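First up is the structure itself, then whatever we jot down about it.
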Amino acid sequence: MTFNFPGLLRRFSWLFYLVAATLLYTLGVGVASYLGGRPQPGIFLLGLGWIYCLILFTYFSYRHFDIRAAADNLGREFFGFLPWRTAMLAGIVLTATLAASASISLIQIGVLTQELGILMLLGVAGACLYTLPPARLATSGYGELLVSVLLSAVVPAIGFMLFFGSYHRFLAMLAFPLTALHLAMTIALGLPTYATQQKYEIKTILMRMGWENSMTVHNLLILSAFLLIAVASLFGFPRFALFPSLLIFPLGGFEIFLMMRIAAGVRPNWNALAISAVALFSIPIYIFSLAFWTR
């Protein structure tokens, strides 16, 4: 049996995004701690739980309104009596209720400022636009960009603002390169199923740009991410976090090399490309988090 890493990621995408959100949220809290904030375990877990609920709400609502998923799971039952679509609907209601409860708790504790409240509402609005009709940007070819912004910019900002109160320029300096790397990862992970997307006319960012343009954009996104990290040092971004992150530049070069080989017609190694893409997005988050938490 051949190991299929891209397929595994697609199957357990919800778990991957929970892990990624945990890392990004922790990064935001770490920046707040570095700037003088005082993280508290209870509030930390409450904010993280709210983000988990938002991600799972997005997953359940996406699956509930996905016609192909409904057809594939027709007749499937959870716990021996709950139809598949009903189970997805139950997940939507449950996660929305838990997220509302967490929001009320944050208000009662007194940490939910007006700025943070607006940011959380933007996160909810983004999730709804991505999955719910009539907008359902997930099937428009623009949903990947929305997810990249929500995950890479909004999640760490929520963690930061829970313990610092207001926005800080360091968050933007982190958000732009991480968004670029996430979008590059999305393109890389989508390439193995490009033929399927064409066959069933699934509107994705790859379908909108075409596979050749997507490969070029992928490479430019990686280069721009490292350029943005380097430029951030000119605007006061701490060098103790900057220099370690540049050590993964060879990994970015390796991924660009793999993509150029595919564009040249060489038989693709999808596993290597997927592992490289995930690592290139995840490792900088870990490096940044470690740098800020240990200062």
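Chain identifiers are assigned as A, B, and so on, following the order in which chains appear in the structure tokens; residues are numbered from 1 within each chain, and ligands are numbered from 1 in order of appearance.
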Output as a VMD selection string all residues of segment 196-276 of chain A that backbone DSSP marks as alpha helix (DSSP H). chain A and resid 196 to 199 205 to 209 211 to 232 239 to 245 249 to 263 270 to 276
Store the residues picked out above, limited to C-alpha atoms, as an mmCIF file, in the first residue's frame.
```cif
data_model
loop_
_atom_site.group_PDB
_atom_site.id
_atom_site.type_symbol
_atom_site.label_atom_id
_atom_site.label_comp_id
_atom_site.auth_asym_id
_atom_site.auth_seq_id
_atom_site.Cartn_x
_atom_site.Cartn_y
_atom_site.Cartn_z
ATOM 1 C CA THR A 196 -10.298 15.685 -10.347
ATOM 2 C CA GLN A 197 -11.062 19.382 -9.908
ATOM 3 C CA GLN A 198 -11.230 19.743 -13.683
ATOM 4 C CA LYS A 199 -13.352 16.638 -14.145
ATOM 5 C CA ILE A 205 -7.862 28.720 -6.574
ATOM 6 C CA LEU A 206 -6.022 26.270 -8.837
ATOM 7 C CA MET A 207 -8.927 26.146 -11.262
ATOM 8 C CA ARG A 208 -9.145 29.924 -11.363
ATOM 9 C CA MET A 209 -5.444 30.445 -12.043
ATOM 10 C CA TRP A 211 -1.925 24.841 -12.965
ATOM 11 C CA GLU A 212 0.934 26.662 -14.719
ATOM 12 C CA ASN A 213 0.098 30.056 -13.207
ATOM 13 C CA SER A 214 -0.494 28.398 -9.834
ATOM 14 C CA MET A 215 3.038 26.974 -9.832
ATOM 15 C CA THR A 216 4.499 30.383 -10.589
ATOM 16 C CA VAL A 217 2.386 32.034 -7.900
ATOM 17 C CA HIS A 218 3.412 29.309 -5.432
ATOM 18 C CA ASN A 219 7.099 30.085 -5.966
ATOM 19 C CA LEU A 220 6.546 33.832 -5.748
ATOM 20 C CA LEU A 221 4.606 33.434 -2.506
ATOM 21 C CA ILE A 222 7.491 31.589 -0.874
ATOM 22 C CA LEU A 223 10.038 34.166 -2.025
ATOM 23 C CA SER A 224 7.800 37.048 -0.928
ATOM 24 C CA ALA A 225 7.325 35.472 2.513
ATOM 25 C CA PHE A 226 11.062 35.434 3.178
ATOM 26 C CA LEU A 227 11.425 38.921 1.731
ATOM 27 C CA LEU A 228 8.685 40.201 4.058
ATOM 28 C CA ILE A 229 10.386 38.603 7.050
ATOM 29 C CA ALA A 230 13.680 40.242 6.104
ATOM 30 C CA VAL A 231 12.068 43.650 5.499
ATOM 31 C CA ALA A 232 10.316 43.451 8.876
ATOM 32 C CA ARG A 239 16.226 40.080 15.404
ATOM 33 C CA PHE A 240 16.210 37.231 17.907
ATOM 34 C CA ALA A 241 13.102 35.955 16.088
ATOM 35 C CA LEU A 242 14.170 37.049 12.606
ATOM 36 C CA PHE A 243 17.500 35.279 12.154
ATOM 37 C CA PRO A 244 16.413 31.760 13.236
ATOM 38 C CA SER A 245 13.430 31.909 10.844
ATOM 39 C CA PHE A 249 15.219 29.385 3.555
ATOM 40 C CA PRO A 250 16.879 26.229 2.101
ATOM 41 C CA LEU A 251 13.616 24.366 2.693
ATOM 42 C CA GLY A 252 11.794 27.038 0.707
ATOM 43 C CA GLY A 253 14.372 26.706 -2.053
ATOM 44 C CA PHE A 254 13.906 22.933 -2.043
ATOM 45 C CA GLU A 255 10.142 23.291 -2.415
ATOM 46 C CA ILE A 256 10.557 25.746 -5.293
ATOM 47 C CA PHE A 257 12.965 23.255 -6.885
ATOM 48 C CA LEU A 258 10.357 20.476 -6.593
ATOM 49 C CA MET A 259 7.711 22.712 -8.142
ATOM 50 C CA MET A 260 9.984 23.713 -11.015
ATOM 51 C CA ARG A 261 10.690 20.034 -11.740
ATOM 52 C CA ILE A 262 6.957 19.331 -11.899
ATOM 53 C CA ALA A 263 6.462 22.300 -14.228
ATOM 54 C CA TRP A 270 3.619 14.473 -4.242
ATOM 55 C CA ASN A 271 4.604 13.211 -0.802
ATOM 56 C CA ALA A 272 7.852 15.177 -0.789
ATOM 57 C CA LEU A 273 6.082 18.310 -2.017
ATOM 58 C CA ALA A 274 3.303 18.012 0.587
ATOM 59 C CA ILE A 275 5.692 17.343 3.475
ATOM 60 C CA SER A 276 7.876 20.254 2.401
#
```
Please report as JSON lines every residue of segment 14-109 of chain A lying within 10 Å of segment 174-185 of chain A, along with the nearest atom pair and their distance in Å (one decimal), using only C-alpha atoms.
```
{"residue": "A:Leu24", "atom": "CA", "partner": "A:Leu178", "partner_atom": "CA", "distance": 9.6}
{"residue": "A:Leu27", "atom": "CA", "partner": "A:Leu174", "partner_atom": "CA", "distance": 9.6}
{"residue": "A:Gly28", "atom": "CA", "partner": "A:Leu174", "partner_atom": "CA", "distance": 9.5}
```
Got time to write the residues from that selection, C-alpha atoms, as a compact mmCIF listing (two decimals), in the first residue's frame?
```
# COMPACT_ATOMS: atom_id res chain seq x y z
CA LEU A 24 -0.62 30.26 15.77
CA LEU A 27 2.46 32.47 18.88
CA GLY A 28 0.09 35.40 19.42
```
Mind running segment 126-183 of chain A against segment 96-118 of chain A at 9 Å and telling me each contacting residue's nearest atom pair with the distance in Å (one decimal), counting only C-alpha atoms, chain and number ascending, as JSON lines?
```
{"residue": "A:Ala157", "atom": "CA", "partner": "A:Leu116", "partner_atom": "CA", "distance": 8.5}
{"residue": "A:Ile158", "atom": "CA", "partner": "A:Leu116", "partner_atom": "CA", "distance": 6.7}
{"residue": "A:Met161", "atom": "CA", "partner": "A:Leu116", "partner_atom": "CA", "distance": 6.2}
{"residue": "A:Leu162", "atom": "CA", "partner": "A:Val111", "partner_atom": "CA", "distance": 6.2}
{"residue": "A:Phe163", "atom": "CA", "partner": "A:Val111", "partner_atom": "CA", "distance": 7.7}
{"residue": "A:Gly165", "atom": "CA", "partner": "A:Thr113", "partner_atom": "CA", "distance": 6.7}
{"residue": "A:Ser166", "atom": "CA", "partner": "A:Glu115", "partner_atom": "CA", "distance": 6.8}
{"residue": "A:Tyr167", "atom": "CA", "partner": "A:Glu115", "partner_atom": "CA", "distance": 8.1}
```
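Using only C-alpha atoms for every distance, the candidate list A:Leu23, A:Ala135, A:Leu151, A:Phe160 yields A:Leu23 as the residue closest to Pro284 of chain A.
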Which residues come within 12 Å of Val29 of chain A, counting only C-alpha atoms, excluding same-chain residues fewer than 4 positions away, as a VMD selection string? chain A and resid 22 to 25 33 to 41 43 to 45 47 to 48 155 to 165 171 288 to 290 292 to 293
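The smallest atom-to-atom distance between Ser13 of chain A and any of A:Ala127, A:Thr186, A:Phe78, A:Trp84, using only C-alpha atoms, is found for A:Thr186.
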Kindly give the distance, in Å, that separates atom CA of Gly91 of chain A and atom CA of Leu74 of chain A, rounded to a single decimal. 17.5 Å
